[in-house]
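Coordinates from structure_26.txt are shown below (compact mmCIF, C-alpha atoms).
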# COMPACT_ATOMS: atom_id res chain seq x y z
CA MET A 30 0.00 0.00 0.00
CA LEU A 31 1.41 3.36 -0.99
CA ASP A 32 1.67 6.25 1.43
CA TYR A 33 1.56 9.60 -0.41
CA ASN A 34 3.59 12.74 0.20
CA VAL A 35 2.27 15.40 -2.20
CA ARG A 36 4.09 18.74 -2.39
CA GLY A 37 3.50 21.74 -4.57
CA GLU A 38 5.86 24.40 -5.90
CA ASN A 39 4.28 27.60 -7.21
CA ILE A 40 0.91 25.92 -6.63
CA ALA A 41 -1.29 25.22 -3.64
CA VAL A 42 -2.08 21.52 -3.42
CA THR A 43 -5.85 21.43 -3.07
CA ASP A 44 -7.75 18.47 -1.68
CA ALA A 45 -9.11 17.77 -5.17
CA LEU A 46 -5.60 17.71 -6.67
CA ARG A 47 -4.27 15.51 -3.84
CA GLU A 48 -7.20 13.09 -4.25
CA TYR A 49 -6.63 12.94 -8.02
CA VAL A 50 -2.94 12.11 -7.56
CA GLU A 51 -3.76 9.41 -5.02
CA LYS A 52 -6.51 7.97 -7.22
CA ARG A 53 -4.17 7.73 -10.23
CA LEU A 54 -1.31 6.18 -8.24
CA THR A 55 -3.51 3.78 -6.26
CA LYS A 56 -3.61 1.40 -9.24
CA LEU A 57 0.11 0.76 -8.64
CA ASN A 58 -0.79 -0.87 -5.30
CA ARG A 59 -1.54 -4.15 -7.05
CA TYR A 60 2.16 -4.43 -7.94
CA ILE A 61 3.66 -3.30 -4.65
CA GLU A 62 3.72 -5.73 -1.72
CA GLU A 63 5.10 -3.64 1.13
CA ASN A 64 4.23 -0.25 2.55
CA SER A 65 6.11 2.25 0.44
CA ARG A 66 6.10 6.01 0.11
CA ALA A 67 5.31 7.87 -3.09
CA ASN A 68 6.94 11.31 -3.10
CA VAL A 69 5.00 13.53 -5.48
CA ASN A 70 6.20 16.99 -6.52
CA LEU A 71 3.83 19.17 -8.50
CA ARG A 72 4.93 22.50 -9.88
CA THR A 73 3.67 25.11 -12.27
CA TYR A 74 5.66 27.37 -14.55
CA LYS A 75 4.27 30.84 -15.16
CA SER A 76 6.57 31.43 -18.14
CA ASP A 77 4.76 28.96 -20.39
CA ASN A 78 1.65 28.11 -18.31
CA SER A 79 2.64 24.46 -17.94
CA GLY A 80 2.72 22.07 -15.05
CA LYS A 81 5.17 19.35 -14.09
CA ALA A 82 4.51 16.20 -12.09
CA GLU A 83 7.37 14.17 -10.61
CA VAL A 84 6.86 10.93 -8.67
CA THR A 85 9.51 8.86 -6.89
CA ILE A 86 8.73 5.52 -5.23
CA VAL A 87 11.53 3.77 -3.32
CA LEU A 88 11.13 0.00 -3.06
CA PRO A 89 13.58 -2.41 -1.39
CA TYR A 90 15.47 -3.25 -4.60
CA VAL A 91 14.50 -0.56 -7.08
CA VAL A 92 13.70 3.14 -7.26
CA LEU A 93 10.87 4.08 -9.60
CA ARG A 94 10.84 7.63 -10.89
CA ALA A 95 8.87 9.38 -13.59
CA GLU A 96 8.14 12.96 -14.58
CA ASP A 97 6.07 14.72 -17.19
CA THR A 98 5.44 18.32 -18.20
CA ASN A 99 2.13 19.32 -19.76
CA PRO A 100 -0.01 22.46 -20.02
CA ASP A 101 -2.64 20.52 -18.01
CA LEU A 102 -1.24 19.40 -14.64
CA TYR A 103 -3.85 16.64 -14.41
CA ALA A 104 -2.67 15.26 -17.78
CA ALA A 105 0.92 15.32 -16.46
CA VAL A 106 -0.19 13.23 -13.45
CA ASP A 107 -1.91 10.77 -15.82
CA ALA A 108 1.24 10.44 -17.94
CA VAL A 109 3.46 9.90 -14.88
CA SER A 110 1.12 7.20 -13.58
CA GLU A 111 1.28 5.39 -16.93
CA LYS A 112 5.09 5.71 -17.08
CA LEU A 113 5.44 4.23 -13.59
CA GLU A 114 3.17 1.33 -14.46
CA ARG A 115 5.25 0.60 -17.58
CA GLN A 116 8.44 0.72 -15.48
CA ILE A 117 7.00 -1.72 -12.95
CA ARG A 118 5.80 -4.09 -15.66
CA LYS A 119 9.15 -4.00 -17.45
CA TYR A 120 11.14 -4.53 -14.26
CA LYS A 121 8.80 -7.19 -12.93
CA THR A 122 8.88 -9.17 -16.16
CA LYS A 123 12.67 -9.09 -16.15
CA ILE A 124 12.83 -10.25 -12.51
CA ASN A 125 10.22 -12.97 -13.04
CA ARG A 126 12.23 -14.40 -15.90
CA LYS A 127 15.38 -14.53 -13.80
CA SER A 128 13.92 -15.95 -10.59
CA ARG A 129 10.56 -17.63 -11.01
CA GLU A 130 11.19 -19.95 -8.04
CA THR A 131 12.13 -17.38 -5.42
CA GLY A 132 9.91 -14.45 -6.40
CA PHE A 133 10.94 -10.90 -5.75
CA LYS A 134 10.51 -8.79 -2.65
CA GLY A 135 8.96 -5.43 -3.45
CA ILE A 136 6.96 -6.22 -6.57
CA ASP A 137 4.04 -8.63 -6.18
CA SER A 138 4.87 -11.72 -8.23
CA ASN A 139 1.27 -12.97 -8.44
CA ASP A 140 0.28 -10.76 -11.39
CA GLU A 141 1.32 -12.19 -14.73
CA ILE A 142 2.67 -9.76 -17.29
CA PRO A 143 2.73 -10.69 -20.98
CA ALA A 144 6.31 -11.38 -22.07
CA ALA A 145 5.89 -9.23 -25.18
CA GLU A 146 5.94 -6.05 -23.09
CA VAL A 147 9.70 -6.20 -22.44
CA ASP A 148 12.15 -5.64 -25.27
CA ASP A 149 15.13 -7.84 -24.35
CA GLU A 150 17.29 -6.28 -27.05
CA ALA A 151 16.85 -2.86 -25.47
CA LEU A 152 18.15 -4.28 -22.17
CA GLN A 153 21.08 -6.16 -23.68
CA ILE A 154 24.57 -5.17 -22.46
CA VAL A 155 26.75 -4.88 -25.55
CA ARG A 156 29.97 -3.62 -24.00
CA THR A 157 31.76 -3.90 -20.66
CA LYS A 158 34.47 -1.49 -19.65
CA GLN A 159 36.60 -1.26 -16.52
CA VAL A 160 37.51 2.15 -15.19
CA ASP A 161 40.16 3.28 -12.74
CA LEU A 162 38.54 5.84 -10.43
CA LYS A 163 40.76 8.87 -10.00
CA PRO A 164 40.38 11.07 -6.92
CA MET A 165 39.19 14.54 -7.99
CA SER A 166 36.68 17.24 -7.18
CA PRO A 167 33.25 17.28 -8.85
CA GLU A 168 34.30 20.37 -10.79
CA GLU A 169 37.35 18.54 -12.16
CA ALA A 170 35.13 15.57 -13.06
CA ALA A 171 32.74 17.87 -14.97
CA LEU A 172 35.67 19.32 -16.88
CA GLN A 173 37.02 15.84 -17.65
CA MET A 174 33.56 14.72 -18.81
CA ASP A 175 33.28 17.71 -21.14
CA LEU A 176 36.76 17.09 -22.52
CA LEU A 177 35.82 13.48 -23.31
CA GLU A 178 32.49 14.65 -24.75
CA HIS A 179 30.58 12.16 -22.57
CA ASN A 180 27.26 12.80 -20.85
CA PHE A 181 28.38 11.20 -17.55
CA PHE A 182 31.64 10.54 -15.71
CA ILE A 183 32.39 8.28 -12.71
CA PHE A 184 35.10 9.30 -10.25
CA LYS A 185 36.24 9.09 -6.63
CA ASP A 186 35.43 12.31 -4.77
CA ALA A 187 38.76 13.47 -3.31
CA GLU A 188 37.08 15.24 -0.37
CA THR A 189 34.64 12.51 0.75
CA ASN A 190 36.52 9.48 -0.69
CA THR A 191 33.24 8.11 -2.11
CA ASP A 192 32.46 6.88 -5.61
CA SER A 193 30.42 9.49 -7.46
CA VAL A 194 28.94 10.12 -10.88
CA ILE A 195 28.55 13.50 -12.53
CA TYR A 196 26.14 13.77 -15.44
CA LYS A 197 24.78 16.34 -17.85
CA ARG A 198 21.08 17.07 -17.35
CA GLN A 199 18.57 17.76 -20.11
CA ASP A 200 18.59 21.45 -19.17
CA GLY A 201 22.36 21.59 -19.84
CA LYS A 202 23.32 21.83 -16.15
CA TYR A 203 25.14 19.16 -14.16
CA GLY A 204 23.91 16.59 -11.66
CA LEU A 205 25.96 14.71 -9.09
CA LEU A 206 25.21 11.22 -7.77
CA GLU A 207 27.00 10.28 -4.57
CA THR A 208 27.05 6.84 -2.98
CA ALA A 209 25.34 6.63 0.41
CA ASP A 210 26.82 4.97 3.47
CA ASN A 211 24.53 2.14 4.58
Turn the structure described in the file into structure tokens.
Amino acid sequence: MLDYNVRGENIAVTDALREYVEKRLTKLNRYIEENSRANVNLRTYKSDNSGKAEVTIVLPYVVLRAEDTNPDLYAAVDAVSEKLERQIRKYKTKINRKSRETGFKGIDSNDEIPAAEVDDEALQIVRTKQVDLKPMSPEEAALQMDLLEHNFFIFKDAETNTDSVIYKRQDGKYGLLETADN
């Protein structure tokens, strides 16, 4: 059963909007076994009168995340719900193929998904490469990434001594992924 955390940026989250989000995401409950939290961020942009819906659901072995921008915020919520359902189906089908005997904790293994919904060729690993992680700052890693003309770069953060990944976002800015201590 999903627990919902709905936040709004540049918009007041009304009861009607909150109920609509919960109604659309409730259909995902049939795939999720354990109590999980759905973090929902809704925002509006005055510059082009559009809305953006972002949903993140953290399960024991996978993080589901989807976002959509649309002039109609309700349509964006619909699209995100459909994207999340496709992600779950794709992931679940892959897991079911690999471990039919043991099942999978986090996605209910009782629902059968048609095998045609997962494109195995799209998931095929065609190249493996080993990298030597050099200690550097995130700024140095961004520069190195740009020099190599890549859209991501993995490195060891010299300050925190953790493995990190810097990547180029769709808006042209940079994002940084840091490993968490568990």
Spatial neighbours of Ala95 (chain A), 9 Å, only C-alpha atoms, chain gap at least 6 places, as a PyMOL selection string: chain A and resi 82-85+108-110+112-113+116
Polymer residues at most 10 Å from (39.3, 17.1, -2.4) by all atoms listed in the file, as JSON, numbers by chain: {"A": [164, 165, 166, 167, 185, 186, 187, 188, 189, 190]}
Which residue of A:Asp44, A:Asp210, A:Glu178, A:Glu168 approaches Thr191 (chain A) most closely, using only C-alpha atoms: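 The answer is A:Asp210, which sits nearest to Thr191 (chain A).
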Nearest to Asn78 (chain A) by atom-to-atom distance, counting only C-alpha atoms, from A:Glu38, A:Glu207, A:Asp200, A:Asp101: A:Asp101
Gap from CA of Thr208 (chain A) to CA of Val194 (chain A) - Å, one decimal: 8.8 Å
CA of Ala67 (chain A) to CA of Leu54 (chain A), distance in Å rounded to a single decimal: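 About the pair CA of Ala67 (chain A) and CA of Leu54 (chain A): they are 8.6 Å apart.
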Computed interatomic separation between CA of Glu48 (chain A) and CA of Glu111 (chain A) (Å): 17.1 Å
Among the residues A:Thr73, A:Ser79, A:Asn68, A:Gln199, the one that comes closest to Asn39 (chain A) [using all atoms listed in the file]: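 Looking at the shortest contact to Asn39 (chain A), the residue is A:Thr73.
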Counting only C-alpha atoms, the residue of A:Glu96, A:Thr43, A:Tyr120, A:Phe184 that sits nearest Asp161 (chain A):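 Result for the nearest residue to Asp161 (chain A): A:Phe184.
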Just the residues within 10 Å of Ala171 (chain A), please, counting only C-alpha atoms, with nothing from its chain fewer than 4 positions along; format it as a PDB file with C-alpha atoms, in the frame of the given file.
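Okay, around_31.pdb is ready:
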ATOM      1  CA  SER A 166      36.680  17.240  -7.180  1.00  0.00           C
ATOM      2  CA  PRO A 167      33.250  17.280  -8.850  1.00  0.00           C
ATOM      3  CA  ASP A 175      33.280  17.710 -21.140  1.00  0.00           C
ATOM      4  CA  LEU A 176      36.760  17.090 -22.520  1.00  0.00           C
ATOM      5  CA  LEU A 177      35.820  13.480 -23.310  1.00  0.00           C
ATOM      6  CA  HIS A 179      30.580  12.160 -22.570  1.00  0.00           C
ATOM      7  CA  ASN A 180      27.260  12.800 -20.850  1.00  0.00           C
ATOM      8  CA  PHE A 181      28.380  11.200 -17.550  1.00  0.00           C
ATOM      9  CA  PHE A 182      31.640  10.540 -15.710  1.00  0.00           C
ATOM     10  CA  ILE A 183      32.390   8.280 -12.710  1.00  0.00           C
ATOM     11  CA  VAL A 194      28.940  10.120 -10.880  1.00  0.00           C
ATOM     12  CA  ILE A 195      28.550  13.500 -12.530  1.00  0.00           C
ATOM     13  CA  TYR A 196      26.140  13.770 -15.440  1.00  0.00           C
ATOM     14  CA  LYS A 197      24.780  16.340 -17.850  1.00  0.00           C
ATOM     15  CA  TYR A 203      25.140  19.160 -14.160  1.00  0.00           C
ATOM     16  CA  GLY A 204      23.910  16.590 -11.660  1.00  0.00           C
ATOM     17  CA  LEU A 205      25.960  14.710  -9.090  1.00  0.00           C
TER      18      LEU A 205
END
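Minimum atom-to-atom distances from A:Asp97, A:Tyr103, A:Ile86, A:Asn58 to Ala45 (chain A) were compared using all atoms listed in the file, and the lowest value belongs to A:Tyr103.
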Minimum-distance residue to Arg53 (chain A), chosen among A:Asn99, A:Thr122, A:Asp77, A:Val69 (using only C-alpha atoms):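 Ranked by minimum distance to Arg53 (chain A), first place goes to A:Val69.
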